[in-house]
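Source file: my_file13.cif. Holds: mmCIF, C-alpha atoms.
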```cif
data_entry
#
loop_
_atom_site.label_atom_id
_atom_site.label_comp_id
_atom_site.auth_asym_id
_atom_site.auth_seq_id
_atom_site.Cartn_x
_atom_site.Cartn_y
_atom_site.Cartn_z
CA MET X 1 0.00 0.00 0.00
CA ILE X 2 0.96 3.60 -0.52
CA ALA X 3 0.71 5.38 2.84
CA LEU X 4 0.52 9.02 3.85
CA GLY X 5 0.18 10.14 7.47
CA ARG X 6 -0.60 13.50 9.04
CA THR X 7 -0.91 14.64 12.66
CA ASP X 8 -1.62 18.06 14.17
CA PRO X 9 -2.27 19.19 17.76
CA GLY X 10 -5.20 21.31 16.57
CA LYS X 11 -6.04 24.84 17.63
CA VAL X 12 -6.74 24.38 21.35
CA ARG X 13 -4.84 21.48 22.94
CA PRO X 14 -1.39 22.37 24.35
CA SER X 15 0.08 18.99 23.33
CA ASN X 16 -0.56 16.18 20.89
CA GLN X 17 -1.70 12.97 22.61
CA ASP X 18 -2.22 11.12 19.33
CA ALA X 19 0.31 8.74 17.82
CA LEU X 20 0.62 7.00 14.47
CA LEU X 21 2.58 4.07 13.13
CA GLU X 22 3.81 3.27 9.62
CA THR X 23 6.04 0.21 9.31
CA ALA X 24 8.02 -1.08 6.37
CA GLY X 25 8.36 -4.69 5.27
CA PRO X 26 6.48 -6.88 2.82
CA TYR X 27 3.47 -6.97 5.16
CA ALA X 28 3.21 -3.40 6.36
CA LEU X 29 1.38 -2.39 9.53
CA PHE X 30 -0.31 0.95 10.14
CA ALA X 31 -1.99 2.35 13.25
CA VAL X 32 -3.56 5.42 14.82
CA ALA X 33 -3.87 5.90 18.60
CA ASP X 34 -5.65 8.67 20.51
CA GLY X 35 -4.43 8.89 24.09
CA MET X 36 -6.44 10.01 27.09
CA GLY X 37 -5.83 10.67 30.76
CA GLY X 38 -4.37 13.74 32.38
CA HIS X 39 -1.51 16.04 31.52
CA ARG X 40 1.02 13.36 30.54
CA GLY X 41 -0.89 10.10 30.54
CA GLY X 42 -2.51 10.33 27.13
CA ASN X 43 0.60 10.77 25.06
CA ILE X 44 2.41 8.08 27.07
CA ALA X 45 -0.42 5.57 26.54
CA SER X 46 -0.70 6.19 22.80
CA ALA X 47 3.08 5.96 22.36
CA MET X 48 3.22 2.70 24.33
CA ALA X 49 0.43 1.22 22.22
CA VAL X 50 2.06 1.93 18.87
CA ASP X 51 5.43 0.79 20.24
CA CYS X 52 3.90 -2.60 21.04
CA LEU X 53 2.51 -2.89 17.52
CA SER X 54 5.86 -1.89 16.03
CA GLU X 55 7.36 -5.08 17.49
CA ILE X 56 5.16 -7.27 15.27
CA ASP X 57 7.18 -9.19 12.67
CA THR X 58 6.03 -7.64 9.39
CA ARG X 59 8.13 -10.08 7.37
CA THR X 60 5.37 -12.66 7.83
CA PRO X 61 1.77 -12.55 6.58
CA PRO X 62 -0.75 -10.97 8.96
CA GLU X 63 -2.58 -13.17 11.43
CA GLU X 64 -5.55 -12.25 13.58
CA GLU X 65 -4.12 -13.92 16.67
CA ALA X 66 -0.78 -12.10 16.37
CA LEU X 67 -2.49 -8.72 16.14
CA LYS X 68 -4.80 -9.56 19.03
CA ALA X 69 -1.80 -10.58 21.14
CA ALA X 70 -0.08 -7.25 20.42
CA PHE X 71 -3.22 -5.36 21.48
CA GLU X 72 -3.38 -7.40 24.68
CA ARG X 73 0.31 -6.80 25.42
CA ALA X 74 -0.19 -3.05 24.97
CA ASN X 75 -3.17 -3.20 27.32
CA ARG X 76 -1.20 -5.07 29.97
CA LEU X 77 1.83 -2.76 29.84
CA ILE X 78 -0.26 0.43 30.02
CA TRP X 79 -2.43 -0.98 32.80
CA GLU X 80 0.57 -2.08 34.85
CA ARG X 81 2.37 1.23 34.39
CA GLN X 82 -0.52 3.30 35.65
CA LEU X 83 -0.72 1.04 38.71
CA ARG X 84 2.98 1.73 39.40
CA GLU X 85 2.88 5.48 38.67
CA ARG X 86 -0.05 7.13 40.42
CA ASN X 87 0.30 10.35 38.41
CA LEU X 88 -0.64 8.31 35.32
CA ALA X 89 -3.79 6.79 36.84
CA GLY X 90 -6.66 6.68 34.37
CA MET X 91 -4.54 6.81 31.24
CA GLY X 92 -5.50 4.80 28.18
CA THR X 93 -5.74 5.05 24.43
CA THR X 94 -7.81 4.15 21.43
CA LEU X 95 -6.03 1.94 18.91
CA THR X 96 -6.97 1.25 15.30
CA ALA X 97 -4.54 -0.79 13.21
CA LEU X 98 -4.41 -2.27 9.72
CA TRP X 99 -1.97 -5.05 8.79
CA GLU X 100 -1.56 -5.60 5.06
CA GLY X 101 -1.48 -9.02 3.45
CA GLU X 102 -1.23 -9.93 -0.23
CA THR X 103 -4.96 -10.41 -0.83
CA TYR X 104 -6.42 -9.35 2.51
CA VAL X 105 -5.93 -7.05 5.49
CA VAL X 106 -6.36 -7.64 9.20
CA LEU X 107 -8.01 -4.79 11.08
CA GLY X 108 -7.70 -4.35 14.84
CA HIS X 109 -9.76 -1.80 16.73
CA VAL X 110 -10.53 -0.51 20.22
CA GLY X 111 -12.11 2.85 21.04
CA ASP X 112 -13.61 5.64 18.95
CA SER X 113 -10.89 6.25 16.40
CA ARG X 114 -12.13 4.99 13.06
CA ALA X 115 -11.27 2.93 9.99
CA TYR X 116 -13.01 3.83 6.72
CA LEU X 117 -12.85 2.00 3.40
CA LEU X 118 -13.47 3.81 0.12
CA ARG X 119 -14.21 1.25 -2.61
CA GLU X 120 -15.66 2.02 -6.04
CA GLY X 121 -16.83 5.45 -4.87
CA ALA X 122 -18.65 4.23 -1.76
CA LEU X 123 -17.35 5.10 1.71
CA ARG X 124 -17.98 2.66 4.55
CA GLN X 125 -17.03 2.89 8.21
CA VAL X 126 -15.57 -0.53 8.91
CA SER X 127 -14.82 -0.09 12.62
CA LEU X 128 -17.46 0.14 15.34
CA ASP X 129 -17.31 3.11 17.71
CA HIS X 130 -16.71 1.89 21.25
CA SER X 131 -18.37 4.98 22.70
CA LEU X 132 -21.55 5.86 24.54
CA VAL X 133 -22.93 7.46 21.38
CA GLY X 134 -22.04 4.38 19.33
CA GLU X 135 -23.74 2.05 21.80
CA LEU X 136 -26.88 4.21 21.91
CA MET X 137 -27.08 4.39 18.12
CA ARG X 138 -26.67 0.62 17.72
CA THR X 139 -29.53 0.00 20.16
CA GLY X 140 -31.78 2.57 18.48
CA MET X 141 -31.82 4.89 21.49
CA LEU X 142 -30.11 7.75 19.64
CA ALA X 143 -30.73 8.88 16.07
CA PRO X 144 -27.62 9.38 13.88
CA GLU X 145 -28.58 12.99 13.19
CA ASP X 146 -28.51 13.71 16.94
CA ALA X 147 -25.09 12.18 17.58
CA HIS X 148 -23.03 15.34 17.01
CA SER X 149 -25.06 17.35 19.52
CA TYR X 150 -25.29 14.64 22.19
CA PRO X 151 -23.71 16.05 25.39
CA TYR X 152 -21.82 12.84 26.30
CA ARG X 153 -20.55 12.01 22.83
CA ASN X 154 -16.89 11.92 23.94
CA ILE X 155 -17.33 9.12 26.47
CA VAL X 156 -15.36 6.05 25.32
CA THR X 157 -16.67 2.66 26.49
CA ARG X 158 -13.61 0.62 25.55
CA ALA X 159 -9.94 1.64 25.50
CA VAL X 160 -6.47 0.10 25.70
CA GLY X 161 -4.98 0.19 29.19
CA THR X 162 -7.98 1.32 31.23
CA GLU X 163 -8.96 -2.16 32.44
CA GLN X 164 -6.99 -5.26 33.37
CA THR X 165 -8.42 -7.20 30.42
CA LEU X 166 -9.18 -6.05 26.89
CA GLU X 167 -11.82 -6.92 24.34
CA SER X 168 -10.62 -5.96 20.86
CA ASP X 169 -12.32 -6.19 17.47
CA ILE X 170 -10.06 -8.17 15.11
CA THR X 171 -11.33 -8.69 11.56
CA ARG X 172 -9.96 -10.10 8.29
CA LEU X 173 -11.17 -8.27 5.17
CA ASP X 174 -10.49 -8.66 1.47
CA LYS X 175 -8.14 -6.30 -0.34
CA LYS X 176 -8.82 -5.00 -3.85
CA PRO X 177 -6.89 -2.77 -6.27
CA GLY X 178 -8.00 0.84 -5.94
CA ASP X 179 -9.10 0.50 -2.32
CA ARG X 180 -8.44 3.49 -0.11
CA TRP X 181 -8.36 3.23 3.66
CA LEU X 182 -8.56 6.04 6.18
CA LEU X 183 -7.49 5.48 9.78
CA CYS X 184 -8.16 8.54 11.92
CA SER X 185 -8.69 9.89 15.42
CA ASP X 186 -11.95 11.58 16.35
CA GLY X 187 -10.26 14.94 15.94
CA LEU X 188 -11.12 14.49 12.26
CA THR X 189 -14.54 12.85 12.41
CA GLU X 190 -15.84 15.20 15.12
CA TYR X 191 -15.40 18.20 12.82
CA ALA X 192 -15.67 16.89 9.25
CA LEU X 193 -18.97 15.71 7.75
CA PRO X 194 -19.06 12.30 6.01
CA GLU X 195 -19.91 13.95 2.67
CA ALA X 196 -16.81 16.13 2.91
CA ILE X 197 -14.66 13.13 3.83
CA ILE X 198 -15.88 11.26 0.73
CA GLU X 199 -15.07 14.23 -1.52
CA ALA X 200 -11.61 14.63 0.00
CA MET X 201 -10.75 10.94 -0.28
CA ALA X 202 -11.46 10.97 -4.01
CA LEU X 203 -8.59 13.43 -4.54
CA PRO X 204 -4.99 12.41 -5.27
CA LEU X 205 -3.48 10.99 -2.09
CA HIS X 206 -1.41 14.02 -1.04
CA ASP X 207 -4.26 16.42 -1.80
CA ALA X 208 -6.68 14.16 0.08
CA ALA X 209 -4.53 14.24 3.22
CA GLU X 210 -4.19 18.01 3.08
CA GLN X 211 -7.91 18.49 2.50
CA LEU X 212 -8.90 16.19 5.36
CA MET X 213 -6.62 18.04 7.76
CA ALA X 214 -7.97 21.37 6.56
CA LEU X 215 -11.54 20.16 7.13
CA ALA X 216 -10.78 19.25 10.74
CA LEU X 217 -9.02 22.53 11.46
CA SER X 218 -11.60 24.74 9.76
CA GLY X 219 -14.41 22.81 11.47
CA GLY X 220 -13.09 23.74 14.90
CA GLY X 221 -9.77 21.99 15.52
CA ARG X 222 -10.57 21.61 19.21
CA ASP X 223 -8.86 18.21 19.44
CA ASN X 224 -5.68 16.58 18.21
CA ILE X 225 -6.04 15.38 14.62
CA THR X 226 -4.31 12.30 13.22
CA LEU X 227 -4.98 10.48 9.98
CA LEU X 228 -3.41 7.79 7.83
CA LEU X 229 -4.42 7.41 4.19
CA LEU X 230 -3.64 4.07 2.57
CA GLU X 231 -4.06 3.21 -1.11
CA VAL X 232 -3.89 -0.17 -2.84
CA PRO X 233 -2.32 0.44 -6.27
CA ASN X 234 -4.35 -0.56 -9.34
#
```
Any chance you could give the structure as C-alpha cells?
Amino acid sequence: MIALGRTDPGKVRPSNQDALLETAGPYALFAVADGMGGHRGGNIASAMAVDCLSEIDTRTPPEEEALKAAFERANRLIWERQLRERNLAGMGTTLTALWEGETYVVLGHVGDSRAYLLREGALRQVSLDHSLVGELMRTGMLAPEDAHSYPYRNIVTRAVGTEQTLESDITRLDKKPGDRWLLCSDGLTEYALPEAIIEAMALPLHDAAEQLMALALSGGGRDNITLLLLEVPN
C-alpha cells in the first residue's frame, strides 16, 4: 500500500496525545492511537500502544491472533504502568490498526478512532465506535442525526490500558486494487462531515490528506487530529 500520514495538535490542545505508526516490510502495519488521561498520561499511553505494535514481525503474513496478542500486550503494559505510577492513573488510548497481506488485510480496533474503506466510490465505516454514542445508536436509542449534539458524545466505552483485560475487534477483510483506507482519530470525524470526507478521499493521495486536515481545522480543531491514508495500487 501507498501510505501518507498527518498529525496536528489542533487549535486548542497544548500537546498532541495522538500517535501514528507506519512500518516497512512486505506486510506493512499501520496504526492510529488517541491517548487520554491527564496532563502526561494520554501521550504516554498512545506511544506505548504503537510501540507494542511496532514489534510485530512484518516479514510474515498478517494473522488475527498475532495482532490480538499485540493489542493485549499493549493493554497489559499500560495498565501495569498506571498502577505503578499514580500520576498516570486513568490513562488509556484508542487503537486502530491495519496489517496488510497480499490479498487481505487484518483490522484491529478498540475505542472511537475509526477505519473507513473507500471502494468504487462508496465510503464505509468498517470499525465500530466503542463509545456511549455508538452504543446508543446501535440499540436505536439515539438517532444518527442527533449524535453530534449529544452532550456525552466523547465518552469512550472501551480503551487500551484502562482495564486489566481487553476486548478488541479483530477482523480479516479482502483487499482490492484501488481500495483506499482512512485510519483517523476523532479529531477528524468530530469536525468533518461524512460527505466532505468522501469528496476529500477521491482526490490524489497528497491532496486528500491536506484536504482532510484542513476540514478538521476549519471545522473547529478543538482536538488533536491524526490520519493515515492508505491506497492499494491498481
Write out as a ChimeraX atom specification which residues come within 12 Å of range 129-131 of chain X when counting only C-alpha atoms, dropping same-chain ones fewer than 4 positions away. /X:93-96,109-116,125,135-138,147,150,152-160,167-169,185-186,189
Which residues fall under the PyMOL selection byres ((chain X and resi 190) around 9) in this file, as number ranges by chain? X: 148, 185-189, 191-193, 216, 219-220, 223
Within 10 Å of file point (2.9, -8.4, 9.7), counting only C-alpha atoms, expressed as a ChimeraX atom specification: /X:23-30,53-63,66-67,98-101,105-106
With all atoms listed in the file as the atoms that count, which of X:Pro177, X:Gly90, X:Gly41, X:Gly108 lies nearest to Gln164 in chain X?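 Going through X:Pro177, X:Gly90, X:Gly41, X:Gly108 one by one, the smallest distance to Gln164 in chain X is for X:Gly90.
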Written as an NGL selection string, what is the full residue list that the PyMOL selection byres ((chain X and resi 204-213) around 10) yields on the file shown? :X and (2-8 or 10 or 180 or 182 or 187-189 or 192 or 196-203 or 214-219 or 221 or 225-231)
Using CA of Val232 in chain X and CA of Glu120 in chain X as the two end points, give the distance in Å to one decimal.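 So the two atoms, CA of Val232 in chain X and CA of Glu120 in chain X, lie 12.4 Å apart.
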Rounded to one decimal in Å, what is the spacing between CA of Ser46 in chain X and CA of Lys11 in chain X?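 Distance between the two atoms: 20.1 Å.
With all atoms listed in the file as the basis for measurement, X:Leu183 is the residue among X:Leu83, X:Ala33, X:Ala143, X:Leu183 that approaches Ser127 in chain X most closely.
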Shortest interatomic distance to Leu173 in chain X - which of X:Val32, X:Met1, X:Leu107, X:Ala49, counting all atoms listed in the file: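 Once distances to Leu173 in chain X are computed over all atoms listed in the file, the minimum belongs to X:Leu107.
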For CA of Ala45 in chain X and CA of Gly161 in chain X, determine how far apart the two atoms are, in Å to one decimal place. 7.5 Å
Around (-1.1, 3.9, 25.9), as given in the file, which residues come within 10 Å? Count only C-alpha atoms and list them as a VMD selection string. chain X and resid 17 to 19 33 to 37 41 to 52 74 to 79 81 to 82 91 to 95 159 to 162
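Distances here use all atoms listed in the file; by that measure, the residue among X:Gly134, X:Gly121, X:Pro9, X:Gly140 closest to Glu195 in chain X is X:Gly121.
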Any chance you could model N, CA and C atoms for range 9-44 of chain X and send them as an mmCIF file, in the frame of the given file?
```cif
data_model
loop_
_atom_site.group_PDB
_atom_site.id
_atom_site.type_symbol
_atom_site.label_atom_id
_atom_site.label_comp_id
_atom_site.auth_asym_id
_atom_site.auth_seq_id
_atom_site.Cartn_x
_atom_site.Cartn_y
_atom_site.Cartn_z
ATOM 1 N N PRO X 9 -1.673 19.030 16.433
ATOM 2 C CA PRO X 9 -2.270 19.190 17.760
ATOM 3 C C PRO X 9 -3.609 19.900 17.752
ATOM 4 N N GLY X 10 -3.960 20.551 16.622
ATOM 5 C CA GLY X 10 -5.200 21.310 16.570
ATOM 6 C C GLY X 10 -5.000 22.718 17.089
ATOM 7 N N LYS X 11 -6.098 23.420 17.290
ATOM 8 C CA LYS X 11 -6.040 24.840 17.630
ATOM 9 C C LYS X 11 -6.104 25.119 19.132
ATOM 10 N N VAL X 12 -6.453 24.124 19.942
ATOM 11 C CA VAL X 12 -6.740 24.380 21.350
ATOM 12 C C VAL X 12 -5.828 23.600 22.291
ATOM 13 N N ARG X 13 -5.597 22.337 22.022
ATOM 14 C CA ARG X 13 -4.840 21.480 22.940
ATOM 15 C C ARG X 13 -3.368 21.902 23.007
ATOM 16 N N PRO X 14 -2.792 21.946 24.222
ATOM 17 C CA PRO X 14 -1.390 22.370 24.350
ATOM 18 C C PRO X 14 -0.392 21.317 23.873
ATOM 19 N N SER X 15 -0.823 20.055 23.780
ATOM 20 C CA SER X 15 0.080 18.990 23.330
ATOM 21 C C SER X 15 -0.689 18.027 22.444
ATOM 22 N N ASN X 16 0.050 17.173 21.767
ATOM 23 C CA ASN X 16 -0.560 16.180 20.890
ATOM 24 C C ASN X 16 -0.487 14.811 21.561
ATOM 25 N N GLN X 17 -1.649 14.264 21.946
ATOM 26 C CA GLN X 17 -1.700 12.970 22.610
ATOM 27 C C GLN X 17 -2.002 11.830 21.640
ATOM 28 N N ASP X 18 -2.053 12.148 20.351
ATOM 29 C CA ASP X 18 -2.220 11.120 19.330
ATOM 30 C C ASP X 18 -0.864 10.529 18.955
ATOM 31 N N ALA X 19 -0.896 9.362 18.363
ATOM 32 C CA ALA X 19 0.310 8.740 17.820
ATOM 33 C C ALA X 19 -0.071 7.951 16.581
ATOM 34 N N LEU X 20 0.878 7.822 15.661
ATOM 35 C CA LEU X 20 0.620 7.000 14.470
ATOM 36 C C LEU X 20 1.815 6.119 14.192
ATOM 37 N N LEU X 21 1.553 5.057 13.449
ATOM 38 C CA LEU X 21 2.580 4.070 13.130
ATOM 39 C C LEU X 21 2.512 3.713 11.662
ATOM 40 N N GLU X 22 3.666 3.746 11.001
ATOM 41 C CA GLU X 22 3.810 3.270 9.620
ATOM 42 C C GLU X 22 5.050 2.390 9.587
ATOM 43 N N THR X 23 4.887 1.099 9.365
ATOM 44 C CA THR X 23 6.040 0.210 9.310
ATOM 45 C C THR X 23 6.359 -0.165 7.873
ATOM 46 N N ALA X 24 7.600 -0.578 7.673
ATOM 47 C CA ALA X 24 8.020 -1.080 6.370
ATOM 48 C C ALA X 24 7.869 -2.593 6.370
ATOM 49 N N GLY X 25 8.431 -3.227 5.354
ATOM 50 C CA GLY X 25 8.360 -4.690 5.270
ATOM 51 C C GLY X 25 7.325 -5.123 4.264
ATOM 52 N N PRO X 26 7.404 -6.378 3.840
ATOM 53 C CA PRO X 26 6.480 -6.880 2.820
ATOM 54 C C PRO X 26 5.028 -6.891 3.292
ATOM 55 N N TYR X 27 4.830 -6.945 4.605
ATOM 56 C CA TYR X 27 3.470 -6.970 5.160
ATOM 57 C C TYR X 27 3.337 -5.807 6.143
ATOM 58 N N ALA X 28 3.133 -4.627 5.580
ATOM 59 C CA ALA X 28 3.210 -3.400 6.360
ATOM 60 C C ALA X 28 2.066 -3.296 7.367
ATOM 61 N N LEU X 29 2.345 -2.588 8.444
ATOM 62 C CA LEU X 29 1.380 -2.390 9.530
ATOM 63 C C LEU X 29 1.234 -0.896 9.782
ATOM 64 N N PHE X 30 0.000 -0.463 9.930
ATOM 65 C CA PHE X 30 -0.310 0.950 10.140
ATOM 66 C C PHE X 30 -1.253 1.086 11.326
ATOM 67 N N ALA X 31 -1.117 2.184 12.082
ATOM 68 C CA ALA X 31 -1.990 2.350 13.250
ATOM 69 C C ALA X 31 -2.130 3.813 13.619
ATOM 70 N N VAL X 32 -3.268 4.115 14.237
ATOM 71 C CA VAL X 32 -3.560 5.420 14.820
ATOM 72 C C VAL X 32 -4.008 5.187 16.258
ATOM 73 N N ALA X 33 -3.484 5.990 17.184
ATOM 74 C CA ALA X 33 -3.870 5.900 18.600
ATOM 75 C C ALA X 33 -4.171 7.290 19.123
ATOM 76 N N ASP X 34 -5.216 7.396 19.925
ATOM 77 C CA ASP X 34 -5.650 8.670 20.510
ATOM 78 C C ASP X 34 -5.645 8.503 22.025
ATOM 79 N N GLY X 35 -4.611 9.074 22.664
ATOM 80 C CA GLY X 35 -4.430 8.890 24.090
ATOM 81 C C GLY X 35 -5.363 9.740 24.934
ATOM 82 N N MET X 36 -5.578 9.284 26.161
ATOM 83 C CA MET X 36 -6.440 10.010 27.090
ATOM 84 C C MET X 36 -5.901 9.832 28.501
ATOM 85 N N GLY X 37 -6.188 10.830 29.351
ATOM 86 C CA GLY X 37 -5.830 10.670 30.760
ATOM 87 C C GLY X 37 -4.789 11.641 31.263
ATOM 88 N N GLY X 38 -5.237 12.825 31.668
ATOM 89 C CA GLY X 38 -4.370 13.740 32.380
ATOM 90 C C GLY X 38 -3.364 14.466 31.515
ATOM 91 N N HIS X 39 -2.466 15.174 32.204
ATOM 92 C CA HIS X 39 -1.510 16.040 31.520
ATOM 93 C C HIS X 39 -0.510 15.250 30.685
ATOM 94 N N ARG X 40 -0.004 14.138 31.235
ATOM 95 C CA ARG X 40 1.020 13.360 30.540
ATOM 96 C C ARG X 40 0.528 11.998 30.091
ATOM 97 N N GLY X 41 -0.508 11.489 30.745
ATOM 98 C CA GLY X 41 -0.890 10.100 30.540
ATOM 99 C C GLY X 41 -1.278 9.753 29.127
ATOM 100 N N GLY X 42 -2.008 10.639 28.452
ATOM 101 C CA GLY X 42 -2.510 10.330 27.130
ATOM 102 C C GLY X 42 -1.430 10.071 26.110
ATOM 103 N N ASN X 43 -0.441 10.957 26.071
ATOM 104 C CA ASN X 43 0.600 10.770 25.060
ATOM 105 C C ASN X 43 1.494 9.578 25.399
ATOM 106 N N ILE X 44 1.638 9.267 26.684
ATOM 107 C CA ILE X 44 2.410 8.080 27.070
ATOM 108 C C ILE X 44 1.676 6.815 26.644
#
```
